[in-house]
Amino acid sequence: MTLDGPTFTLAPAQLLRWYLDAGVDETIGDRPLDRYASAQPAASGLPPPTPAFRMAPAAAAGAASALPPPGPDAARVGAAHLAAESRTLDDLRAAMEAYDGCALKRTCQRMVFADGNPQARVMLIGEAPGADEDRLGLPFVGVSGKLLDRMLASIGLDRSSAYITNVVPWRPPGNRKPEPTEVELCLPFIIRHIELVAPDVLVFLGGAPATALLARHDAISRMRGRWHAYPSNGPAGPIPAMPTYHPAYLLRTPHHKREAWSDFLSIRKKLDSHVE
Ligand code: URA
């Protein structure tokens with residue numbers, strides 16, 4: 001959460017305590033930002049920040065109140081409808097930008113859609129953006145992303161020959177795990193995302209994407225290392241999917257890198273045996 005500074009005077013330590021008590025967990029800048037006035041893309045080339053609240057055009061033109069977010073049923077139906085209507089990745093990105101049903105959108109800085117080559121034969125899916133991804137609008141750009149890049153390089157891939165996204169495109173505050181209800185709201189988007197990319201091979205980074213997309217509740221240690229059939233509705237039918245350890249988990253438990261290495265060798269083998 002971020003707040004503009006209070007108008008009363010406090011000693012620095014008291015001010016810090018006041019911010020912590022109010023739930024502020026991140027410093028983004030020392031000046032308030034009028035997000036309604038900053039509709040133009042930033043000159044830096046970063047994607048535009050997520051508006052704190054999306055307003056109907058008439059309201060945005062002058063009224064002070066924001067539209068209330070939709071209720072849970074409307075949010076679910078809305079996500080499914082927007083995803084189904086998206087005919088291209090650009091449509092899907094725009095639909096997700098316009099979607100208001102997930103509360104995470106109101107606390108993150110920007111949506112993280114994807115990185116890499118949408119024509120690639122391999123699509124990797126993580127859980128949700130962290131602080132670095134939220135700042136830059138790209139998946140896996142922090143420390144775990146650096147490890148992922150090295151893992152890809154070990155089998156001759158990089159971001160021009162792989163496509164990377166997450167189940168949840170908005171950063172949960174404080175890097176907490178997304179709630180099951182938040183994952184459920186985002187599922188129609190990632191399912192459509194996979195249909196539109198139609199990769200030859202899917203890689204699920206960690207238990208969260210494997211559980212969400214294979215509808216299995218086994219531990220990642222039991223799911224990894226074998227090929228599962230992801231039941232895509234795309235023209236090519238089911239897609240071979242390899243769950244493996246999340247790079248952030250590998251950074252904490254490096255002795256599992258050997259198993260991840262073996263999973264990546266299987267991915268290389270599958271790509272080599274499955275020549276178009
Ligand atoms: N972890 C994820 O699951 N996704 C990211 O984009 C970054 C870290």
# chains A, B, ... in the order shown; residues from 1 in each chain; ligands from 1

call {"tool": "residues_near_ligand", "arguments": {"ligand": "ligand 1", "cutoff": "9 Å", "atoms": "only C-alpha atoms and all ligand atoms", "output": "ChimeraX atom specification"}}
result
/A:112,114,125-134,138-145,164-169,171,205-206,208-209,246-248

call {"tool": "atom_distance", "arguments": {"atom1": "CA of Arg121 in chain A", "atom2": "CA of Ile194 in chain A"}}
result
11.6 Å

call {"tool": "closest_residue", "arguments": {"among": "A:Val122, A:Leu251, A:Leu152, A:Lys177", "to": "His274 in chain A", "atoms": "only C-alpha atoms"}}
result
A:Val122

call {"tool": "residues_around", "arguments": {"residues": "Asp263 in chain A", "least_positions_apart": "2", "cutoff": "8 Å", "atoms": "only C-alpha atoms", "output": "list in words"}}
result
Arg224, Gly225, Arg226, Met242, Thr244, Glu259, Ala260, Trp261, Leu265, Ser266 and Ile267 of chain A
